[in-house]
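Trainee: Take a look at the following structure, please.
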Amino acid sequence: MATNPPAQDEPDPKKAALSPAGGMKAALPGVQDEVTRKARNIRSDIGKKEPSAQSTASLSPTLGKKILGKETPENKNPGEHRLNPDKTAKLIPMDALRQETAEITSEWRDGMERNDIEVEPEEIKQGKFRRLVAFGVLLILVAGFWIAKSAIQKYNASQMPSRTPALAAYDEEKLMVEKATQNLKRYLATEDITEKFKFTRDSEDRIRDMERYLGDRPDEQGISIIGDSLAIQTFTRQKKPFLGLVFEFDDVSRRGVVFELTDQGPKIDWRSFVGYSDMSIEEFLQVQPLEPMLMRVVINEDDYYNFNYSDSQAWVCIKIENASRDRSFWAYCPRDSAVHLALVIGEKELATKRIGIFEAVVQVRFEEQGRDRKQALLEEFITAGHLVP
């Protein structure tokens with residue numbers, strides 16, 4: 001019986017490869033082939049735990065081969081060192097890389113927190129303390145400044161006489177009187193009508209009245225005041241503030257001067273000062289006009305009842321005089337009329353029914369039957385005093 005020779009083992013494709021000369025390369029005992037060595041390197045990097053065949057049995061053949069390291073991308077070209085296998089490049093899986101990065105980040109954060117706990121609180125405490133000290137010093141300086149200022153003010157106040165509202169009002173009135181007196185001196189010192197008009201309260205379109213009036217009376221210019229004001233009075237007319245002063249003049253006369261207190265200073269009411277009228281008493285008696293004429297005069301109740309005005313029950317007799325009281329005539333108004341009541345009231349300046357002597361602005365005219373008898377009709381009582389606001 002012929003015996004067959006023992007069959008030789010077929011070379012394992014995993015352990016044999018073609019030699020550079022085309023022959024078969026035998027696997028030697030104890031020598032790792034290339035695939036085995038690469039697989040073991042990869043397994044050691046991912047935890048030295050190789051999946052078992054049971055764990056991959058349920059997977060697809062392709063996926064199972066990849067997990068076992070047979071067709072993984074790392075095995076295709078791992079970058080093996082030709083001379084020293086220990087220097088072979090290793091590829092780390094993404095999961096392991098993420099885990100290692102997370103651990104490094106956690107350690108870094110823990111270190112930062114430890115540093116914060118040890119350093120920052122001390123710096124913050126020192127900064128707060130310095131700020132508190134600076135704020136306290138500032139408060140002390142401010143309080144010291146105000147205390148010193150208050151002490152100085154109290155000392156200055158103790159060295160000055162106490163000022164009451166009455167004293168303050170007196171000083172203000174004194175200043176107004178000084179300005180008014182100065183303006184009056186300037187008004188009297190010049191004979192130029194344009195310059196004189198600057199110190200009056202009239203509007204510029206009324207300068208013709210001054211030119212006509214003073215041009216006809218050159219003797220009324222060139223006077224001056226003597227001394228200070230003899231009387232002072234402040235009052236209001238039609239919501240306008242006025243100041244009244246009385247002076248003695250070098251023509252041996254005593255006159256009142258009214259000033260309107262404007263934003264430009266005290267302004268002279270020149271009409272009341274010179275007694276401006278449409279006509280003087282001399283002209284009025286000569287012309288005997290039938291139209292009303294405005295006149296600034298001195299009036300006084302009288303008892304001359306004669307001719308057309310002889311009935312004292314029907315008429316009120318008023319004597320009208322100029323400022324020097326050397327020219328006069330009589331004027332009459334119906335008793336209990338509006339003109340009579342205005343005379344009695346005298347714009348609330350007369351307290352009794354008996355009419356006293358006072359300055360007034362009136363309108364008078366002649367009637368046909370009163371001519372040549374110095375008897376006129378009192379047409380209107382405009383105001384007590386010579387000021388027309």
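The way I read the labels, and the way they are meant: chains A, B, ... in the order of the structure tokens, residue 1 as the first residue of every chain, and ligand 1 as the first ligand shown, with later ones counted on from there.
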Write out as a tab-separated table the residues of region 222-297 of chain A that have any atom within 10 Å of an atom of region 177-183 of chain A, one row each with the nearest atom pair and its distance in Å to one decimal, counting only C-alpha atoms, sorted by chain and then rising number.
Mentor:
residue	atom	partner	partner_atom	distance
A:Ile225	CA	A:Thr181	CA	9.2
A:Asp228	CA	A:Thr181	CA	8.0
A:Ser229	CA	A:Thr181	CA	8.0
A:Ile232	CA	A:Val177	CA	8.1
A:Leu243	CA	A:Val177	CA	8.2
A:Gly244	CA	A:Val177	CA	9.2
A:Leu245	CA	A:Val177	CA	8.1
A:Phe247	CA	A:Thr181	CA	9.5
A:Val257	CA	A:Ala180	CA	9.5
A:Val258	CA	A:Ala180	CA	9.3
A:Phe259	CA	A:Ala180	CA	7.1
A:Glu260	CA	A:Ala180	CA	9.5
A:Leu261	CA	A:Ala180	CA	9.0
A:Gly265	CA	A:Lys179	CA	7.4
A:Pro266	CA	A:Ala180	CA	5.4
A:Lys267	CA	A:Ala180	CA	7.5
A:Ile268	CA	A:Asn183	CA	7.9
Trainee: So that I can check the surroundings of region 366-374 of chain A, please list as an mmCIF file with N, CA and C atoms, in the first residue's frame every protein, DNA and RNA residue that reaches within 6 Å of it, counting only C-alpha atoms and ignoring chain neighbours fewer than 3 positions away.
Mentor:
data_model
loop_
_atom_site.group_PDB
_atom_site.id
_atom_site.type_symbol
_atom_site.label_atom_id
_atom_site.label_comp_id
_atom_site.auth_asym_id
_atom_site.auth_seq_id
_atom_site.Cartn_x
_atom_site.Cartn_y
_atom_site.Cartn_z
ATOM 1 N N GLN A 288 -59.602 184.717 23.229
ATOM 2 C CA GLN A 288 -60.939 184.288 23.648
ATOM 3 C C GLN A 288 -61.492 183.208 22.693
ATOM 4 N N PRO A 289 -60.803 182.081 22.618
ATOM 5 C CA PRO A 289 -61.207 181.043 21.664
ATOM 6 C C PRO A 289 -62.501 180.355 22.074
ATOM 7 N N LEU A 290 -63.244 179.934 21.083
ATOM 8 C CA LEU A 290 -64.471 179.181 21.335
ATOM 9 C C LEU A 290 -64.206 177.662 21.371
ATOM 10 N N PHE A 329 -58.501 184.181 35.584
ATOM 11 C CA PHE A 329 -59.862 184.391 35.072
ATOM 12 C C PHE A 329 -60.749 183.369 35.766
ATOM 13 N N LEU A 377 -65.981 178.834 30.152
ATOM 14 C CA LEU A 377 -66.649 177.574 30.505
ATOM 15 C C LEU A 377 -65.582 176.507 30.751
#
Trainee: For a test of reading the model, state the distance in Å between CA of Asp251 (chain A) and CA of Asp202 (chain A), rounded to one decimal.
Mentor: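 It comes out at 25.8 Å.
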Trainee: Report the closest atom pair, with its distance in Å rounded to one decimal, for each residue of region 266-295 of chain A that has an atom no farther than 12 Å from region 324-328 of chain A; count only C-alpha atoms, sort by chain and then rising residue number, and write it as a tab-separated table.
Mentor:
residue	atom	partner	partner_atom	distance
A:Val274	CA	A:Ser324	CA	11.6
A:Gly275	CA	A:Ser324	CA	10.8
A:Ser280	CA	A:Arg327	CA	9.4
A:Ile281	CA	A:Arg327	CA	6.5
A:Glu282	CA	A:Arg327	CA	7.3
A:Glu283	CA	A:Arg327	CA	10.8
A:Phe284	CA	A:Ser328	CA	10.3
A:Leu285	CA	A:Ser328	CA	9.1
Trainee: Keeping only C-alpha atoms, write those residues as a PDB file, in the first residue's frame.
Mentor:
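Saved file again.pdb follows:
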ATOM      1  CA  VAL A 274     -42.602 174.349  32.411  1.00  0.00           C
ATOM      2  CA  GLY A 275     -46.409 174.248  32.676  1.00  0.00           C
ATOM      3  CA  SER A 280     -50.856 181.061  28.169  1.00  0.00           C
ATOM      4  CA  ILE A 281     -53.485 182.864  30.230  1.00  0.00           C
ATOM      5  CA  GLU A 282     -52.509 186.140  28.532  1.00  0.00           C
ATOM      6  CA  GLU A 283     -53.045 184.628  25.079  1.00  0.00           C
ATOM      7  CA  PHE A 284     -56.275 182.962  26.169  1.00  0.00           C
ATOM      8  CA  LEU A 285     -57.775 186.221  27.419  1.00  0.00           C
TER       9      LEU A 285
END
Trainee: At what distance in Å, to one decimal, does CA of Glu173 (chain A) lie from CA of His386 (chain A)?
Mentor: 22.7 Å
